[in-house]
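Remarks on the structure that follows.
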Amino acid sequence: MENKGSDEVETLKTKFVSVWHNVKYSWALKSKTSFSRNSPVFLLGKCYHFKAEDDDSVTEAFDEDSVTGSAEAFRKDFASRVWLTYREELPPLPSSPLTSDCGWGCMLRAGQMMLAQALSLHFLGRDWTWSEAMSLQPLDAETWTAAAARRLVASLEASLQGSTGAPDGASPPTQQARARGCTEGADAHLKEMHHRTLVSWFGDSPSAELGLHRLVGTGLAMGKQAGDWYGPSVVAHILKKAIEEAMDPGLAGITAYVSQDCTVYSADVIDSHRAPGAGPASVVGPDAPPSPRSGQPVSASVPPDGRAVVILIPVRLGGEKTNPDYFNLAKSILSLEYCIGIIGGKPKQACYFVGFQDDSLIYMDPHYCQSFVDVSTSDFPLQSYHCPSPKKMPFSKMDPSCTIGFYSKSAQDYERISQELSKVLQPSAKEKYPAFTFMQGHGRDYDPSTGLTPEKREWPFIRDPRRTVTTGDFVLL
């Protein structure tokens, strides 16, 4: 009887927290974000210019129709990124009565978004955009369901109009164009299937490979429980473990690597690129990615005897505040197409940084509580997994604790990435040390604490519980 009463109290508490966080954060999500027309905007390696030829205005709200230049392309690109937020009415989380992550799961959600971007690069490519991205409604407009119903009606009307047939005298070039259109349509349909499968991996159910339940369950082995604060370093290790333990054949061609003490050991990354049991010249084995006939997403860019690697680098870019000398480094990193973003934010408010303009970061905010979506159905709604509006935050407000992510599709690709980043990381006269470094060899060749598990290492020192002070989502050492 007591347990039942306790569960009811926890349920009521969860609902109250969900409502409070929506009141607390939704005003910021619904507010307009202004962008300068005179400065380029960078989004995960893509550059956009908003300035019109005959327009001298300085700023314009993002969602105004009068914005010209490549603002529409930016908007479509941003809205195509996978957005993971707080959810409520979930199945109970592992070893907990909690049915929502409102108030504590924002760093896990930010980590999911960064991993989703890596998978998007892996399966869809950086140039892919969602066909319905431009039809997303602002968060303070109609509900997702109403908007989806309206789009469905419009789609049916378009289909009926298109079924009336072409004129009898259709020329051969028109028929060829139709054939090309069919091929392009088939490719778009295949990518949309991959997109839906990718989103389903992050569903909020115990069976979802990279869902909240799986991440919380992985965190239990690291001393973290549902309701605890998760720092960006801990989330990096949780993501690595989750993708390594994923059983879905579609995820067999990708793994993750977490740097040690701000150092990326090249031999370890190269080893990660090799498929399990594969040598430098192995043939396709049972662990190779599935063929397209299986219906699972397949990356055509990864060799059959190798795997792509998600490189996660926990760093600290200053003391109590981010050192301004690192602002240009963050800009350089977010300008690279193989960068999958940065998870960090500010105390008690984690964010997923995806770009910048001038001295402001562009980010996706997980602090918006939405209802549970059953991703086990074949036609589950995708609208709530895409954000219609970007947000901006000054670099000066960025918390120094963060995790930087990169996607490396092959060992050859990693060689190029490490060389390019090594040049970017060369410290200036003001900076005494680079944010992170690349070293040849394996980490075990340098690490004096090889007896410890990777999860017990926190940047920049091994954690001493007597000296640890927690502030929000971050761990200060």
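Letters A, B, ... mark the chains of the structure tokens in the order given; residue numbers begin at 1 per chain; ligand numbers begin at 1, in order shown.
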
Can you pull out every residue within 12 Å of segment 331-333 of chain A, counting only C-alpha atoms, but drop anything in the same chain fewer than 5 positions away, and send it as a ChimeraX atom specification? /A:40-47,324-326,338-342,353-362,395,404-406,417,420-426,435

So which bits of segment 250-423 of chain A end up helix (DSSP H, G or I) when you DSSP the backbone, as an mmCIF file with N, CA and C atoms, in the first residue's frame?
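Listing of states.cif after writing:
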data_model
loop_
_atom_site.group_PDB
_atom_site.id
_atom_site.type_symbol
_atom_site.label_atom_id
_atom_site.label_comp_id
_atom_site.auth_asym_id
_atom_site.auth_seq_id
_atom_site.Cartn_x
_atom_site.Cartn_y
_atom_site.Cartn_z
ATOM 1 N N GLY A 250 21.536 -2.466 -38.308
ATOM 2 C CA GLY A 250 21.812 -1.201 -38.962
ATOM 3 C C GLY A 250 22.897 -0.394 -38.285
ATOM 4 N N LEU A 251 23.172 -0.680 -37.005
ATOM 5 C CA LEU A 251 24.189 0.058 -36.252
ATOM 6 C C LEU A 251 25.514 -0.693 -36.166
ATOM 7 N N SER A 266 45.658 8.193 -31.822
ATOM 8 C CA SER A 266 45.342 7.812 -33.193
ATOM 9 C C SER A 266 45.250 6.302 -33.390
ATOM 10 N N ALA A 267 46.127 5.545 -32.765
ATOM 11 C CA ALA A 267 46.098 4.085 -32.938
ATOM 12 C C ALA A 267 44.801 3.502 -32.399
ATOM 13 N N ASP A 268 44.284 4.087 -31.327
ATOM 14 C CA ASP A 268 43.004 3.608 -30.780
ATOM 15 C C ASP A 268 41.853 3.891 -31.741
ATOM 16 N N VAL A 269 41.878 5.059 -32.374
ATOM 17 C CA VAL A 269 40.823 5.399 -33.322
ATOM 18 C C VAL A 269 40.902 4.490 -34.547
ATOM 19 N N ILE A 270 42.120 4.265 -35.048
ATOM 20 C CA ILE A 270 42.301 3.375 -36.202
ATOM 21 C C ILE A 270 41.804 1.973 -35.870
ATOM 22 N N ASP A 271 42.114 1.494 -34.671
ATOM 23 C CA ASP A 271 41.615 0.178 -34.256
ATOM 24 C C ASP A 271 40.090 0.153 -34.217
ATOM 25 N N SER A 272 39.494 1.271 -33.773
ATOM 26 C CA SER A 272 38.028 1.340 -33.712
ATOM 27 C C SER A 272 37.411 1.285 -35.103
ATOM 28 N N HIS A 273 38.134 1.787 -36.101
ATOM 29 C CA HIS A 273 37.630 1.775 -37.474
ATOM 30 C C HIS A 273 37.538 0.355 -38.032
ATOM 31 N N PRO A 292 21.290 -3.352 -48.560
ATOM 32 C CA PRO A 292 20.076 -2.552 -48.676
ATOM 33 C C PRO A 292 18.807 -3.390 -48.747
ATOM 34 N N ARG A 293 18.900 -4.630 -49.197
ATOM 35 C CA ARG A 293 17.703 -5.458 -49.305
ATOM 36 C C ARG A 293 17.093 -5.762 -47.950
ATOM 37 N N SER A 294 17.891 -5.651 -46.892
ATOM 38 C CA SER A 294 17.370 -5.975 -45.563
ATOM 39 C C SER A 294 16.426 -4.914 -45.046
ATOM 40 N N PRO A 324 37.782 33.426 -23.261
ATOM 41 C CA PRO A 324 37.485 34.022 -24.577
ATOM 42 C C PRO A 324 38.472 33.616 -25.661
ATOM 43 N N ASP A 325 39.676 33.197 -25.276
ATOM 44 C CA ASP A 325 40.655 32.773 -26.278
ATOM 45 C C ASP A 325 40.202 31.522 -27.027
ATOM 46 N N TYR A 326 39.236 30.807 -26.466
ATOM 47 C CA TYR A 326 38.748 29.585 -27.122
ATOM 48 C C TYR A 326 37.555 29.836 -28.041
ATOM 49 N N PHE A 327 37.039 31.065 -28.081
ATOM 50 C CA PHE A 327 35.866 31.336 -28.915
ATOM 51 C C PHE A 327 36.155 31.051 -30.385
ATOM 52 N N ASN A 328 37.299 31.516 -30.867
ATOM 53 C CA ASN A 328 37.633 31.291 -32.278
ATOM 54 C C ASN A 328 37.835 29.808 -32.577
ATOM 55 N N LEU A 329 38.339 29.067 -31.590
ATOM 56 C CA LEU A 329 38.490 27.624 -31.777
ATOM 57 C C LEU A 329 37.128 26.972 -31.962
ATOM 58 N N ALA A 330 36.169 27.357 -31.111
ATOM 59 C CA ALA A 330 34.824 26.798 -31.230
ATOM 60 C C ALA A 330 34.219 27.129 -32.598
ATOM 61 N N LYS A 331 34.464 28.343 -33.078
ATOM 62 C CA LYS A 331 33.957 28.728 -34.400
ATOM 63 C C LYS A 331 34.595 27.876 -35.494
ATOM 64 N N SER A 332 35.890 27.679 -35.390
ATOM 65 C CA SER A 332 36.590 26.874 -36.406
ATOM 66 C C SER A 332 36.064 25.444 -36.427
ATOM 67 N N ILE A 333 35.809 24.889 -35.248
ATOM 68 C CA ILE A 333 35.322 23.504 -35.164
ATOM 69 C C ILE A 333 33.920 23.382 -35.752
ATOM 70 N N LEU A 334 33.035 24.334 -35.425
ATOM 71 C CA LEU A 334 31.664 24.280 -35.925
ATOM 72 C C LEU A 334 31.576 24.601 -37.413
ATOM 73 N N GLN A 383 6.953 15.007 -36.691
ATOM 74 C CA GLN A 383 7.028 16.458 -36.518
ATOM 75 C C GLN A 383 7.656 16.884 -35.191
ATOM 76 N N SER A 384 7.371 16.146 -34.118
ATOM 77 C CA SER A 384 7.891 16.555 -32.817
ATOM 78 C C SER A 384 9.368 16.231 -32.644
ATOM 79 N N TYR A 385 9.978 15.602 -33.657
ATOM 80 C CA TYR A 385 11.406 15.297 -33.607
ATOM 81 C C TYR A 385 12.230 16.268 -34.455
ATOM 82 N N PHE A 395 28.646 33.614 -26.825
ATOM 83 C CA PHE A 395 29.736 32.714 -26.454
ATOM 84 C C PHE A 395 30.116 32.903 -24.985
ATOM 85 N N SER A 396 30.011 34.116 -24.495
ATOM 86 C CA SER A 396 30.432 34.416 -23.120
ATOM 87 C C SER A 396 29.605 33.686 -22.077
ATOM 88 N N LYS A 397 28.399 33.216 -22.446
ATOM 89 C CA LYS A 397 27.551 32.491 -21.491
ATOM 90 C C LYS A 397 27.758 30.987 -21.542
ATOM 91 N N ALA A 411 39.384 5.003 -41.775
ATOM 92 C CA ALA A 411 40.727 5.290 -41.262
ATOM 93 C C ALA A 411 41.401 6.369 -42.101
ATOM 94 N N GLN A 412 41.189 6.342 -43.424
ATOM 95 C CA GLN A 412 41.765 7.370 -44.288
ATOM 96 C C GLN A 412 41.159 8.741 -43.976
ATOM 97 N N ASP A 413 39.866 8.741 -43.712
ATOM 98 C CA ASP A 413 39.192 9.982 -43.362
ATOM 99 C C ASP A 413 39.727 10.526 -42.044
ATOM 100 N N TYR A 414 39.998 9.646 -41.101
ATOM 101 C CA TYR A 414 40.535 10.084 -39.812
ATOM 102 C C TYR A 414 41.898 10.751 -39.961
ATOM 103 N N GLU A 415 42.737 10.216 -40.849
ATOM 104 C CA GLU A 415 44.048 10.825 -41.057
ATOM 105 C C GLU A 415 43.892 12.277 -41.499
ATOM 106 N N ARG A 416 42.958 12.515 -42.400
ATOM 107 C CA ARG A 416 42.722 13.887 -42.862
ATOM 108 C C ARG A 416 42.174 14.755 -41.734
ATOM 109 N N ILE A 417 41.217 14.204 -40.971
ATOM 110 C CA ILE A 417 40.613 14.954 -39.874
ATOM 111 C C ILE A 417 41.656 15.336 -38.830
ATOM 112 N N SER A 418 42.489 14.386 -38.437
ATOM 113 C CA SER A 418 43.497 14.662 -37.409
ATOM 114 C C SER A 418 44.497 15.712 -37.873
ATOM 115 N N GLN A 419 44.867 15.679 -39.157
ATOM 116 C CA GLN A 419 45.796 16.675 -39.675
ATOM 117 C C GLN A 419 45.171 18.068 -39.705
ATOM 118 N N GLU A 420 43.920 18.151 -40.153
ATOM 119 C CA GLU A 420 43.243 19.444 -40.207
ATOM 120 C C GLU A 420 43.025 20.017 -38.812
ATOM 121 N N LEU A 421 42.574 19.172 -37.891
ATOM 122 C CA LEU A 421 42.318 19.655 -36.530
ATOM 123 C C LEU A 421 43.606 20.028 -35.819
ATOM 124 N N SER A 422 44.678 19.331 -36.088
ATOM 125 C CA SER A 422 45.962 19.673 -35.456
ATOM 126 C C SER A 422 46.386 21.086 -35.823
ATOM 127 N N LYS A 423 46.097 21.492 -37.069
ATOM 128 C CA LYS A 423 46.414 22.868 -37.480
ATOM 129 C C LYS A 423 45.500 23.870 -36.785
#

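Taking atom CA of Ser207 of chain A and atom CA of Gly345 of chain A as endpoints, the distance between them is 29.2 Å.
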
Restricting the calculation to only C-alpha atoms: of A:His386, A:His122, A:Lys348, A:Arg274, which residue gets closest to Val82 of chain A? A:His386

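Closest approach to Arg316 of chain A among A:Pro232, A:Gly211, A:Pro206, A:Pro347: A:Pro232, based on only C-alpha atoms.
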
Check the smallest atom-to-atom distance from each of A:Thr99, A:Phe438, A:Gly344, A:Met193 to Cys262 of chain A using only C-alpha atoms, then report the winner. A:Phe438

Residues within 6 Å of segment 253-259 of chain A, please, as a list in words. Count only C-alpha atoms; anything in the same chain fewer than 4 positions from it doesn't count. Lys240, Glu244, Thr263, Val264, Pro289, Arg307, Ala308, Val309, Val310, Ile311, Leu312 and Ile313 of chain A

Just to confirm, what's the straight-line distance from atom CA of Ser378 of chain A to atom CA of Arg196 of chain A in Å (one decimal)?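 Separation between atom CA of Ser378 of chain A and atom CA of Arg196 of chain A: 8.6 Å.
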